Structure formats: C-alpha cells, structure tokens
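Novice: What follows is model-v6.pdb; its format and atoms are PDB, C-alpha atoms and all ligand atoms.
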MODEL        1
ATOM      1  CA  MET A  17      98.986  72.619 173.725
ATOM      2  CA  SER A  18      96.925  72.320 176.839
ATOM      3  CA  ASN A  19      94.929  75.305 177.990
ATOM      4  CA  ALA A  20      95.233  74.330 181.660
ATOM      5  CA  TRP A  21      96.422  77.282 183.690
ATOM      6  CA  LYS A  22      98.035  77.350 187.099
ATOM      7  CA  VAL A  23      96.396  79.962 189.302
ATOM      8  CA  HIS A  24      97.791  81.608 192.430
ATOM      9  CA  ALA A  25      96.185  84.094 194.781
ATOM     10  CA  VAL A  26      98.762  86.578 196.075
ATOM     11  CA  LYS A  27      97.778  88.268 199.323
ATOM     12  CA  TYR A  28      99.090  91.817 199.654
ATOM     13  CA  ALA A  29      96.992  93.308 202.462
ATOM     14  CA  HIS A  30      94.762  92.438 205.389
ATOM     15  CA  ARG A  31      92.366  94.489 207.495
ATOM     16  CA  SER A  32      91.341  93.167 210.880
ATOM     17  CA  GLU A  33      89.266  96.097 212.129
ATOM     18  CA  ARG A  34      86.253  95.333 209.945
ATOM     19  CA  VAL A  35      82.949  93.990 211.244
ATOM     20  CA  ARG A  36      80.295  91.837 209.600
ATOM     21  CA  GLY A  37      78.068  94.859 209.039
ATOM     22  CA  ASP A  38      80.742  96.153 206.619
ATOM     23  CA  SER A  39      80.299  93.048 204.477
ATOM     24  CA  TYR A  40      76.628  91.992 204.608
ATOM     25  CA  ILE A  41      73.450  94.005 204.232
ATOM     26  CA  PHE A  42      70.840  92.999 206.843
ATOM     27  CA  ASP A  43      73.213  90.801 208.851
ATOM     28  CA  ASP A  44      72.047  89.471 212.216
ATOM     29  CA  HIS A  45      75.440  90.065 213.881
ATOM     30  CA  PRO A  46      76.690  93.326 212.345
ATOM     31  CA  ALA A  47      79.069  94.219 215.200
ATOM     32  CA  GLU A  48      81.029  90.948 215.127
ATOM     33  CA  PRO A  49      84.560  91.216 213.757
ATOM     34  CA  GLU A  50      85.356  89.767 210.341
ATOM     35  CA  GLY A  51      88.729  90.434 208.724
ATOM     36  CA  MET A  52      89.293  91.041 205.049
ATOM     37  CA  ASP A  53      92.177  89.925 202.829
ATOM     38  CA  TYR A  54      93.288  91.662 199.638
ATOM     39  CA  PHE A  55      94.596  89.690 196.664
ATOM     40  CA  VAL A  56      95.858  89.874 193.131
ATOM     41  CA  TRP A  57      95.868  86.695 191.037
ATOM     42  CA  VAL A  58      98.521  85.243 188.735
ATOM     43  CA  LEU A  59      97.672  82.885 185.853
ATOM     44  CA  ASP A  60     100.447  80.834 184.266
ATOM     45  CA  ASN A  61     100.116  78.222 181.510
ATOM     46  CA  GLY A  62     103.831  77.591 181.083
ATOM     47  CA  GLN A  63     104.076  79.885 178.071
ATOM     48  CA  ARG A  64     102.236  82.929 179.195
ATOM     49  CA  ARG A  65     101.402  84.806 182.364
ATOM     50  CA  ILE A  66      98.397  86.970 183.034
ATOM     51  CA  LEU A  67      97.882  89.211 186.042
ATOM     52  CA  VAL A  68      94.359  89.709 187.356
ATOM     53  CA  ASP A  69      94.117  93.067 189.139
ATOM     54  CA  THR A  70      96.956  95.261 190.351
ATOM     55  CA  GLY A  71      95.902  95.927 193.959
ATOM     56  CA  TYR A  72      97.049  99.178 195.535
ATOM     57  CA  ASP A  73     100.455 100.565 196.430
ATOM     58  CA  GLU A  74     102.142 102.282 199.406
ATOM     59  CA  GLY A  75     100.980 105.754 198.396
ATOM     60  CA  GLU A  76      97.347 104.658 198.313
ATOM     61  CA  ALA A  77      97.844 102.754 201.578
ATOM     62  CA  ARG A  78      98.920 105.991 203.259
ATOM     63  CA  ARG A  79      96.117 108.057 201.709
ATOM     64  CA  ARG A  80      93.457 105.639 202.918
ATOM     65  CA  ASP A  81      95.262 104.629 206.101
ATOM     66  CA  ARG A  82      94.983 101.015 205.006
ATOM     67  CA  PRO A  83      98.504  99.603 205.217
ATOM     68  CA  ILE A  84      99.629  96.945 202.777
ATOM     69  CA  LEU A  85     101.750  93.937 203.693
ATOM     70  CA  LEU A  86     103.522  93.893 200.335
ATOM     71  CA  ASP A  87     103.657  95.971 197.190
ATOM     72  CA  PRO A  88     101.700  93.803 194.723
ATOM     73  CA  ALA A  89     104.064  94.619 191.833
ATOM     74  CA  VAL A  90     106.962  93.328 193.964
ATOM     75  CA  ALA A  91     105.020  90.428 195.490
ATOM     76  CA  ILE A  92     104.313  88.837 192.105
ATOM     77  CA  GLY A  93     108.069  88.757 191.525
ATOM     78  CA  ALA A  94     108.247  85.930 194.054
ATOM     79  CA  LEU A  95     106.227  83.851 191.564
ATOM     80  CA  GLY A  96     108.673  84.711 188.805
ATOM     81  CA  VAL A  97     106.504  87.445 187.323
ATOM     82  CA  ASP A  98     108.418  90.604 186.441
ATOM     83  CA  ALA A  99     106.053  93.610 186.483
ATOM     84  CA  ASP A 100     108.131  95.269 183.743
ATOM     85  CA  THR A 101     107.489  92.439 181.302
ATOM     86  CA  VAL A 102     103.839  91.633 182.088
ATOM     87  CA  ASP A 103     101.931  92.052 178.824
ATOM     88  CA  THR A 104      98.369  91.209 179.879
ATOM     89  CA  VAL A 105      96.515  92.552 182.904
ATOM     90  CA  ILE A 106      92.818  91.940 183.497
ATOM     91  CA  ILE A 107      91.283  94.641 185.689
ATOM     92  CA  THR A 108      88.124  93.210 187.232
ATOM     93  CA  HIS A 109      86.912  96.717 188.118
ATOM     94  CA  LEU A 110      88.386 100.144 188.795
ATOM     95  CA  HIS A 111      87.989 100.303 192.595
ATOM     96  CA  TYR A 112      91.102 101.525 194.425
ATOM     97  CA  ASP A 113      92.070  98.079 195.705
ATOM     98  CA  HIS A 114      91.991  96.465 192.251
ATOM     99  CA  ALA A 115      93.331  99.087 189.849
ATOM    100  CA  GLY A 116      96.163 100.940 191.622
ATOM    101  CA  GLY A 117      99.794 101.140 190.537
ATOM    102  CA  LEU A 118      99.095 100.759 186.805
ATOM    103  CA  ASP A 119     102.348 102.611 186.088
ATOM    104  CA  ARG A 120     104.232  99.592 187.414
ATOM    105  CA  TYR A 121     103.298  97.624 184.284
ATOM    106  CA  PRO A 122     104.790  99.678 181.439
ATOM    107  CA  ASN A 123     104.335  96.966 178.803
ATOM    108  CA  ALA A 124     100.875  95.730 179.717
ATOM    109  CA  VAL A 125      97.590  95.951 177.900
ATOM    110  CA  PHE A 126      94.738  96.364 180.396
ATOM    111  CA  HIS A 127      91.516  94.426 179.809
ATOM    112  CA  VAL A 128      88.523  96.361 181.132
ATOM    113  CA  GLN A 129      84.771  96.311 180.567
ATOM    114  CA  ALA A 130      83.568  99.352 178.614
ATOM    115  CA  ALA A 131      80.747  99.671 181.152
ATOM    116  CA  GLU A 132      83.274 100.053 183.981
ATOM    117  CA  MET A 133      85.105 102.912 182.307
ATOM    118  CA  ALA A 134      81.788 104.613 181.505
ATOM    119  CA  TYR A 135      80.672 104.211 185.113
ATOM    120  CA  ALA A 136      83.939 105.446 186.638
ATOM    121  CA  THR A 137      84.022 108.550 184.429
ATOM    122  CA  GLY A 138      80.301 109.285 184.152
ATOM    123  CA  PRO A 139      77.503 111.033 186.039
ATOM    124  CA  CYS A 140      77.297 108.468 188.871
ATOM    125  CA  MET A 141      80.652 109.776 190.105
ATOM    126  CA  CYS A 142      78.929 113.051 191.065
ATOM    127  CA  HIS A 143      77.698 111.153 194.143
ATOM    128  CA  ASP A 144      80.219 110.886 196.988
ATOM    129  CA  VAL A 145      78.937 107.497 198.097
ATOM    130  CA  LEU A 146      79.396 106.022 194.599
ATOM    131  CA  GLN A 147      82.843 107.501 194.002
ATOM    132  CA  MET A 148      84.137 106.486 197.448
ATOM    133  CA  PRO A 149      85.662 103.144 196.351
ATOM    134  CA  PHE A 150      87.406 104.766 193.369
ATOM    135  CA  THR A 151      90.622 106.783 193.403
ATOM    136  CA  VAL A 152      90.529 109.488 190.771
ATOM    137  CA  GLY A 153      94.266 109.138 190.066
ATOM    138  CA  HIS A 154      93.794 105.474 189.158
ATOM    139  CA  VAL A 155      90.882 106.291 186.871
ATOM    140  CA  CYS A 156      92.801 109.130 185.176
ATOM    141  CA  GLU A 157      95.747 106.840 184.639
ATOM    142  CA  MET A 158      93.498 104.310 182.933
ATOM    143  CA  VAL A 159      92.126 107.096 180.739
ATOM    144  CA  ARG A 160      95.704 107.928 179.747
ATOM    145  CA  HIS A 161      96.249 104.292 178.827
ATOM    146  CA  VAL A 162      93.144 104.453 176.641
ATOM    147  CA  TYR A 163      94.717 107.351 174.753
ATOM    148  CA  SER A 164      98.021 105.533 174.375
ATOM    149  CA  GLY A 165      96.362 102.411 172.976
ATOM    150  CA  ARG A 166      96.937 100.170 175.961
ATOM    151  CA  VAL A 167      93.361  99.359 176.966
ATOM    152  CA  MET A 168      91.374  96.491 175.486
ATOM    153  CA  PHE A 169      87.689  97.100 176.108
ATOM    154  CA  HIS A 170      85.195  94.275 176.448
ATOM    155  CA  ASP A 171      81.435  94.366 176.336
ATOM    156  CA  GLY A 172      80.142  91.337 178.242
ATOM    157  CA  SER A 173      81.928  88.012 177.663
ATOM    158  CA  ALA A 174      85.225  87.764 175.789
ATOM    159  CA  GLU A 175      88.311  85.584 175.419
ATOM    160  CA  VAL A 176      91.524  87.152 176.706
ATOM    161  CA  ALA A 177      93.693  84.106 175.924
ATOM    162  CA  PRO A 178      92.954  80.449 175.161
ATOM    163  CA  GLY A 179      91.344  79.144 178.360
ATOM    164  CA  VAL A 180      90.867  82.588 179.905
ATOM    165  CA  ARG A 181      87.572  84.434 179.505
ATOM    166  CA  VAL A 182      86.028  87.465 181.158
ATOM    167  CA  HIS A 183      82.322  87.919 181.875
ATOM    168  CA  CYS A 184      80.645  91.161 182.938
ATOM    169  CA  VAL A 185      78.422  90.753 185.999
ATOM    170  CA  GLY A 186      78.156  94.326 187.306
ATOM    171  CA  GLY A 187      76.396  94.823 190.638
ATOM    172  CA  HIS A 188      79.172  95.879 193.044
ATOM    173  CA  SER A 189      80.523  98.159 190.312
ATOM    174  CA  ARG A 190      78.685  98.637 187.034
ATOM    175  CA  GLY A 191      81.324  97.032 184.838
ATOM    176  CA  LEU A 192      82.684  94.450 187.282
ATOM    177  CA  GLN A 193      83.960  91.427 185.362
ATOM    178  CA  VAL A 194      84.844  87.964 186.631
ATOM    179  CA  VAL A 195      87.488  85.704 185.110
ATOM    180  CA  GLU A 196      86.874  82.143 183.958
ATOM    181  CA  VAL A 197      90.091  80.130 183.835
ATOM    182  CA  GLU A 198      90.516  76.618 182.474
ATOM    183  CA  THR A 199      92.518  74.531 184.952
ATOM    184  CA  GLN A 200      93.339  70.890 185.671
ATOM    185  CA  PHE A 201      90.567  71.058 188.293
ATOM    186  CA  GLY A 202      87.986  72.371 185.803
ATOM    187  CA  PRO A 203      86.783  75.895 185.121
ATOM    188  CA  LEU A 204      87.772  78.224 187.927
ATOM    189  CA  CYS A 205      85.840  81.446 188.432
ATOM    190  CA  LEU A 206      87.951  84.229 189.897
ATOM    191  CA  ALA A 207      84.929  86.111 191.135
ATOM    192  CA  SER A 208      86.769  89.150 192.495
ATOM    193  CA  ASP A 209      84.159  91.381 194.122
ATOM    194  CA  ALA A 210      81.193  89.597 192.569
ATOM    195  CA  THR A 211      81.440  87.821 195.936
ATOM    196  CA  HIS A 212      83.787  89.273 198.540
ATOM    197  CA  TYR A 213      83.285  86.320 200.876
ATOM    198  CA  TYR A 214      81.978  82.772 200.467
ATOM    199  CA  GLU A 215      79.024  83.832 202.579
ATOM    200  CA  ASN A 216      77.885  86.490 200.098
ATOM    201  CA  PHE A 217      77.172  84.018 197.311
ATOM    202  CA  LEU A 218      76.392  80.924 199.391
ATOM    203  CA  LEU A 219      73.663  82.723 201.327
ATOM    204  CA  GLY A 220      72.736  85.358 198.733
ATOM    205  CA  LYS A 221      73.781  88.193 201.069
ATOM    206  CA  PRO A 222      74.585  91.444 199.262
ATOM    207  CA  PHE A 223      77.735  93.450 200.029
ATOM    208  CA  PRO A 224      76.992  97.032 201.133
ATOM    209  CA  ILE A 225      79.065  98.735 198.408
ATOM    210  CA  VAL A 226      76.694  98.269 195.499
ATOM    211  CA  ALA A 227      76.001 100.137 192.271
ATOM    212  CA  ASP A 228      73.040  97.958 191.229
ATOM    213  CA  LEU A 229      71.562  95.374 193.572
ATOM    214  CA  GLU A 230      69.788  93.076 191.108
ATOM    215  CA  PRO A 231      72.909  92.331 189.016
ATOM    216  CA  MET A 232      74.807  91.696 192.259
ATOM    217  CA  LEU A 233      72.262  89.065 193.275
ATOM    218  CA  ASP A 234      72.136  87.592 189.749
ATOM    219  CA  GLY A 235      75.934  87.530 189.832
ATOM    220  CA  PHE A 236      75.904  85.077 192.752
ATOM    221  CA  ASN A 237      74.267  82.577 190.386
ATOM    222  CA  THR A 238      76.399  83.550 187.398
ATOM    223  CA  ILE A 239      79.696  82.826 189.147
ATOM    224  CA  ARG A 240      78.438  79.420 190.260
ATOM    225  CA  ARG A 241      77.294  78.621 186.744
ATOM    226  CA  ILE A 242      80.628  79.659 185.224
ATOM    227  CA  ALA A 243      82.558  77.536 187.722
ATOM    228  CA  GLY A 244      80.138  74.608 187.625
ATOM    229  CA  GLY A 245      80.399  74.163 191.407
ATOM    230  CA  ASN A 246      81.082  76.051 194.636
ATOM    231  CA  GLU A 247      84.582  74.588 194.946
ATOM    232  CA  ARG A 248      85.742  76.476 191.859
ATOM    233  CA  VAL A 249      84.351  79.886 192.836
ATOM    234  CA  ILE A 250      87.101  82.052 194.329
ATOM    235  CA  PRO A 251      85.834  85.012 196.405
ATOM    236  CA  GLY A 252      87.747  88.281 196.087
ATOM    237  CA  HIS A 253      88.489  89.060 199.721
ATOM    238  CA  ASP A 254      87.777  86.041 201.935
ATOM    239  CA  PRO A 255      90.593  85.049 204.351
ATOM    240  CA  MET A 256      89.086  81.547 204.162
ATOM    241  CA  VAL A 257      90.815  81.163 200.759
ATOM    242  CA  THR A 258      94.126  80.973 202.624
ATOM    243  CA  GLN A 259      92.746  78.158 204.790
ATOM    244  CA  LEU A 260      91.120  76.142 202.030
ATOM    245  CA  PHE A 261      93.907  76.146 199.458
ATOM    246  CA  PRO A 262      97.512  74.959 199.755
ATOM    247  CA  GLN A 263     100.146  77.566 200.405
ATOM    248  CA  HIS A 264     102.911  77.905 197.821
ATOM    249  CA  ASP A 265     105.977  75.802 198.710
ATOM    250  CA  THR A 266     108.346  78.756 199.022
ATOM    251  CA  VAL A 267     106.170  81.877 198.828
ATOM    252  CA  PRO A 268     104.253  82.262 202.095
ATOM    253  CA  PHE A 269     101.861  84.904 200.735
ATOM    254  CA  ALA A 270     100.667  82.870 197.717
ATOM    255  CA  TRP A 271      98.078  80.092 197.530
ATOM    256  CA  ARG A 272      97.514  77.612 194.699
ATOM    257  CA  LEU A 273      93.896  77.677 193.523
ATOM    258  CA  ASP A 274      93.817  75.247 190.587
ATOM    259  CA  VAL A 275      94.151  72.119 192.730
ATOM    260  CA  GLY A 276      90.839  72.426 194.545
ATOM    261  CA  PRO A 277      90.061  73.282 198.175
ATOM    262  CA  LYS A 278      90.878  70.991 201.096
ATOM    263  CA  MET A 279      87.205  70.576 201.990
ATOM    264  CA  PRO A 280      83.814  70.930 200.315
ATOM    265  CA  VAL A 281      82.461  74.461 199.945
ATOM    266  CA  SER A 282      78.879  74.714 201.160
ATOM    267  CA  VAL A 283      76.756  76.552 203.718
ATOM    268  CA  GLU A 284      77.085  73.515 206.000
ATOM    269  CA  THR A 285      80.882  73.331 205.851
ATOM    270  CA  LEU A 286      81.883  76.999 205.809
ATOM    271  CA  ILE A 287      79.228  79.158 207.398
ATOM    272  CA  ARG A 288      79.010  79.052 211.149
ATOM    273  CA  PRO A 289      75.540  78.468 212.628
ATOM    274  CA  GLY A 290      73.617  81.640 213.281
ATOM    275  CA  ALA A 291      75.526  83.725 210.709
TER
HETATM  276 ZN    ZN A 301      87.784  94.815 196.361
ENDMDL
END
Is it possible to give me this structure as structure tokens?
Ligand SMILES: [Zn+2]
Specialist:
Amino acid sequence: MSNAWKVHAVKYAHRSERVRGDSYIFDDHPAEPEGMDYFVWVLDNGQRRILVDTGYDEGEARRRDRPILLDPAVAIGALGVDADTVDTVIITHLHYDHAGGLDRYPNAVFHVQAAEMAYATGPCMCHDVLQMPFTVGHVCEMVRHVYSGRVMFHDGSAEVAPGVRVHCVGGHSRGLQVVEVETQFGPLCLASDATHYYENFLLGKPFPIVADLEPMLDGFNTIRRIAGGNERVIPGHDPMVTQLFPQHDTVPFAWRLDVGPKMPVSVETLIRPGA
C-alpha cells in the first residue's frame, strides 16, 4: 500500500483589515494592507482521512468579531469528510483559530504536543498578552478530552499514521507542531503557524505573536528541512496558497497541495521588491 496522501487546504475565513505590521516584526512598510486567510487541512490516502486543525466556529467568530466564511466542520463535508466519523485530528496548536469546535468531532482522537497543553494551562497564561490568542473554552474542552481518553500526546517527533508525522517546533506557541505528509510530490510540510506567510520563512521575519523567538527562527529552517524544498512548505495563513495551488474541481474553497505549486517558491518569485 502506498503511503502517498492527497492533501487539501480548506479555507474557512479571511480578514482583509490587517496590515503588514500585524504579521512581521521590524517591517519597513508596517501600515500597508496584507490580508490573511484561515485554513484547515484534509489528508486522504484512499483508506483513511486525517483532519489537521479544526479552525473556529460561528460562536467564536461573533466573540472575536472575526466572521467566518464557512463552518469548518461543514466545509470539510464538501470533500466527503463527515465530522461525525473523523477519527484522527491533529491540532497544530491550541490558538483559537486552530482548536475551536472540538465538540463537532465526537469520535476523534486529538493529537497534541504535551508542551502545548502545558503552555496553555500553565503560568504563562497569567499574562494577558500570552493568553490573547487562546480561548479558554477551547482549552477546557481539550482538558475534558484528556480526561475522557481522547487525546494522544506527543513529545517532539512522532508518527500519527504511515506517511504522516508531527514535529514540535514551538516558537509562535510553545508546543506548536508541524505536519510532515508523504505525497506524490514528495514530503509536504504543513507548517501551520510555524510560518504564517511565505515571507516569514523566506526572509526570516518573525511573526509578532511569539512565545519564544529563537525556536520561531529555528523553525523557519526546520520546516524547510522537513519539506526538502520551499515548494513543499505550506504556510498557515498566506492567501498566496490559493494562487499557487490548483483549486478543487468542484469545491471552490479547497486547494490541492500535493501536486506542487504553479511556480517556484523563492524570495525572487514571491516577495515584492522593497518588502
Ligand atoms: Zn493561526
């Protein structure tokens, strides 16, 4: 049996009011607009499906005044994935936009780094600025899943399924993990928020929400090493993903990632001069 997985990015939200200063520390053009997309990712090897992240739902959208385009648990249905029957969910980290709506997956085991749970429930959360990207309800729900035996903890690198591995990189959140997926195009690295945009890792520019800066910077190299090339690194929030990869034939909010981008990924090709 081949371990080649099909991988789709499913876009469930977009924010257009952001500026570059929200995404890059020490940027030369901090007031210039730069939109942000929000994704969950679906892995499918023909026998098995794995969901990477759960996004956030309508309730959270209202609380944060950050509207969603689609409920992620419904959106994945368009790819034939029934939230009720999903058995494996990888949560890259516990920030509100990656770990909401866990109750929509009643039969799933959640794969989380032990360091992320410790961070999200430990002394760092006494600081407003560090707890800001978390939603306490999401964290409490994950704690409940720990008690009901539905969380698989990892400590560093681990295999979730044949051809699917997680690696802890930290940085943006202390237990942030990225996902290495074997595909027909080679090893894909779903980097999630190890690099929000292509520009973060291509130019080594840190994102302002950061738990530990050095691991964030090291992570830019780690994701490249895992993928073995820029073309197979998938940033967590870059609208450019929807330009570089082919849209699904019938699902307009999904993009196929395991076939490679339409153009090379480099500073020269993607980053505008003066950025
Ligand atoms: Zn995020």
Novice: If we draw a sphere of 6 Å around (98.2, 80.2, 183.9), which residues have at least one atom in it when counting all atoms listed in the file? Please report them as a ChimeraX atom specification.
Specialist: /A:21-23,59-61,65
Novice: Go ahead and write the residues just picked, C-alpha atoms, as a tab-separated table (two decimals), in the coordinates of the input.
Specialist:
chain	number	residue	atom	x	y	z
A	21	TRP	CA	96.42	77.28	183.69
A	22	LYS	CA	98.04	77.35	187.10
A	23	VAL	CA	96.40	79.96	189.30
A	59	LEU	CA	97.67	82.88	185.85
A	60	ASP	CA	100.45	80.83	184.27
A	61	ASN	CA	100.12	78.22	181.51
A	65	ARG	CA	101.40	84.81	182.36
Novice: Please determine, counting only C-alpha atoms and all ligand atoms, which residue among A:Phe201, A:Phe223, A:Tyr135, A:Tyr121 has the shortest atom-to-atom distance to ligand ZN 301 (chain A).
Specialist: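 With only C-alpha atoms and all ligand atoms as the atom set, the closest residue is A:Phe223.
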Novice: Give as a ChimeraX atom specification the residues surrounding ligand ZN 301 (chain A) up to a distance of 8 Å, considering all atoms listed in the file.
Specialist: /A:54,111-114,208-209,212,252-253
Novice: Name the residues captured by the PyMOL selection byres (((chain A and resi 175-187) around 6) and not hetatm) when it is applied to the shown file; answer as a PyMOL selection string.
Specialist: chain A and resi 19+172-174+188-198+226-229+231-232+235
Novice: One number please: CA of Asp234 (chain A) to CA of Ala115 (chain A), in Å, one decimal.
Specialist: 24.1 Å
Novice: To one decimal in Å, tell me the separation between CA of Leu118 (chain A) and CA of Ile84 (chain A).
Specialist: 16.4 Å
Novice: I need the output of the PyMOL selection byres (((chain A and resi 68-82) around 7) and not hetatm) for this file as a compact mmCIF listing (two decimals) with C-alpha atoms, keeping the file's coordinate frame; which residues are they?
Specialist:
# COMPACT_ATOMS: atom_id res chain seq x y z
CA PHE A 55 94.60 89.69 196.66
CA VAL A 56 95.86 89.87 193.13
CA TRP A 57 95.87 86.70 191.04
CA VAL A 58 98.52 85.24 188.74
CA ILE A 66 98.40 86.97 183.03
CA LEU A 67 97.88 89.21 186.04
CA PRO A 83 98.50 99.60 205.22
CA ILE A 84 99.63 96.94 202.78
CA ASP A 87 103.66 95.97 197.19
CA PRO A 88 101.70 93.80 194.72
CA VAL A 105 96.52 92.55 182.90
CA ILE A 106 92.82 91.94 183.50
CA ILE A 107 91.28 94.64 185.69
CA THR A 108 88.12 93.21 187.23
CA TYR A 112 91.10 101.52 194.42
CA ASP A 113 92.07 98.08 195.70
CA HIS A 114 91.99 96.46 192.25
CA ALA A 115 93.33 99.09 189.85
CA GLY A 116 96.16 100.94 191.62
CA GLY A 117 99.79 101.14 190.54
CA LEU A 118 99.10 100.76 186.80
Novice: I'd like the interatomic distance between CA of Asp53 (chain A) and CA of Pro255 (chain A), to a tenth of an Å.
Specialist: 5.3 Å
Novice: I need the residue nearest Thr211 (chain A) from this list: A:Ala94, A:Glu157, A:Tyr40, A:Ala20. Use all atoms listed in the file for the distance.
Specialist: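 Of A:Ala94, A:Glu157, A:Tyr40, A:Ala20, the one nearest Thr211 (chain A) is A:Tyr40, counting all atoms listed in the file.
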Novice: Any chance you could resolve the PyMOL selection byres (((chain A and resi 260) around 9) and not hetatm) against this file and give the residues as a compact mmCIF listing (two decimals) with C-alpha atoms, in the frame of the given file?
Specialist:
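As a result, part.txt now contains:
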# COMPACT_ATOMS: atom_id res chain seq x y z
CA MET A 256 89.09 81.55 204.16
CA VAL A 257 90.82 81.16 200.76
CA THR A 258 94.13 80.97 202.62
CA GLN A 259 92.75 78.16 204.79
CA PHE A 261 93.91 76.15 199.46
CA PRO A 262 97.51 74.96 199.76
CA GLY A 276 90.84 72.43 194.54
CA PRO A 277 90.06 73.28 198.18
CA LYS A 278 90.88 70.99 201.10
CA MET A 279 87.20 70.58 201.99
Novice: Please determine, counting only C-alpha atoms, which residue among A:Leu95, A:Glu230, A:Cys156, A:Tyr214 has the shortest atom-to-atom distance to Pro251 (chain A).
Specialist: A:Tyr214
Novice: Could you check the closest approach to Asp38 (chain A) for each of A:Gly96, A:Gly245, A:Pro224, A:Pro280 and tell me which residue wins, using only C-alpha atoms?
Specialist: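 Closest to Asp38 (chain A) of all the choices is A:Pro224.
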Novice: Which is closest to Phe217 (chain A) among A:Val249, A:Leu204, A:Leu86, A:Leu110, if we use all atoms listed in the file?
Specialist: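 Between A:Val249, A:Leu204, A:Leu86, A:Leu110, the residue approaching Phe217 (chain A) most closely is A:Val249.
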Novice: List as a ChimeraX atom specification: which residues have an atom within 8 Å of (98.6, 79.7, 196.0), counting all atoms listed in the file?
Specialist: /A:23-26,261-264,269-273
Novice: Restricting it to C-alpha atoms, dump the selection as a PDB file, in the coordinates of the input.
Specialist:
ATOM      1  CA  VAL A  23      96.396  79.962 189.302  1.00  0.00           C
ATOM      2  CA  HIS A  24      97.791  81.608 192.430  1.00  0.00           C
ATOM      3  CA  ALA A  25      96.185  84.094 194.781  1.00  0.00           C
ATOM      4  CA  VAL A  26      98.762  86.578 196.075  1.00  0.00           C
ATOM      5  CA  PHE A 261      93.907  76.146 199.458  1.00  0.00           C
ATOM      6  CA  PRO A 262      97.512  74.959 199.755  1.00  0.00           C
ATOM      7  CA  GLN A 263     100.146  77.566 200.405  1.00  0.00           C
ATOM      8  CA  HIS A 264     102.911  77.905 197.821  1.00  0.00           C
ATOM      9  CA  PHE A 269     101.861  84.904 200.735  1.00  0.00           C
ATOM     10  CA  ALA A 270     100.667  82.870 197.717  1.00  0.00           C
ATOM     11  CA  TRP A 271      98.078  80.092 197.530  1.00  0.00           C
ATOM     12  CA  ARG A 272      97.514  77.612 194.699  1.00  0.00           C
ATOM     13  CA  LEU A 273      93.896  77.677 193.523  1.00  0.00           C
TER      14      LEU A 273
END
Novice: When distances are computed from only C-alpha atoms, which of A:Phe126, A:Phe42, A:Phe150, A:Tyr28 shows the smallest separation from Val90 (chain A)?
Specialist: A:Tyr28
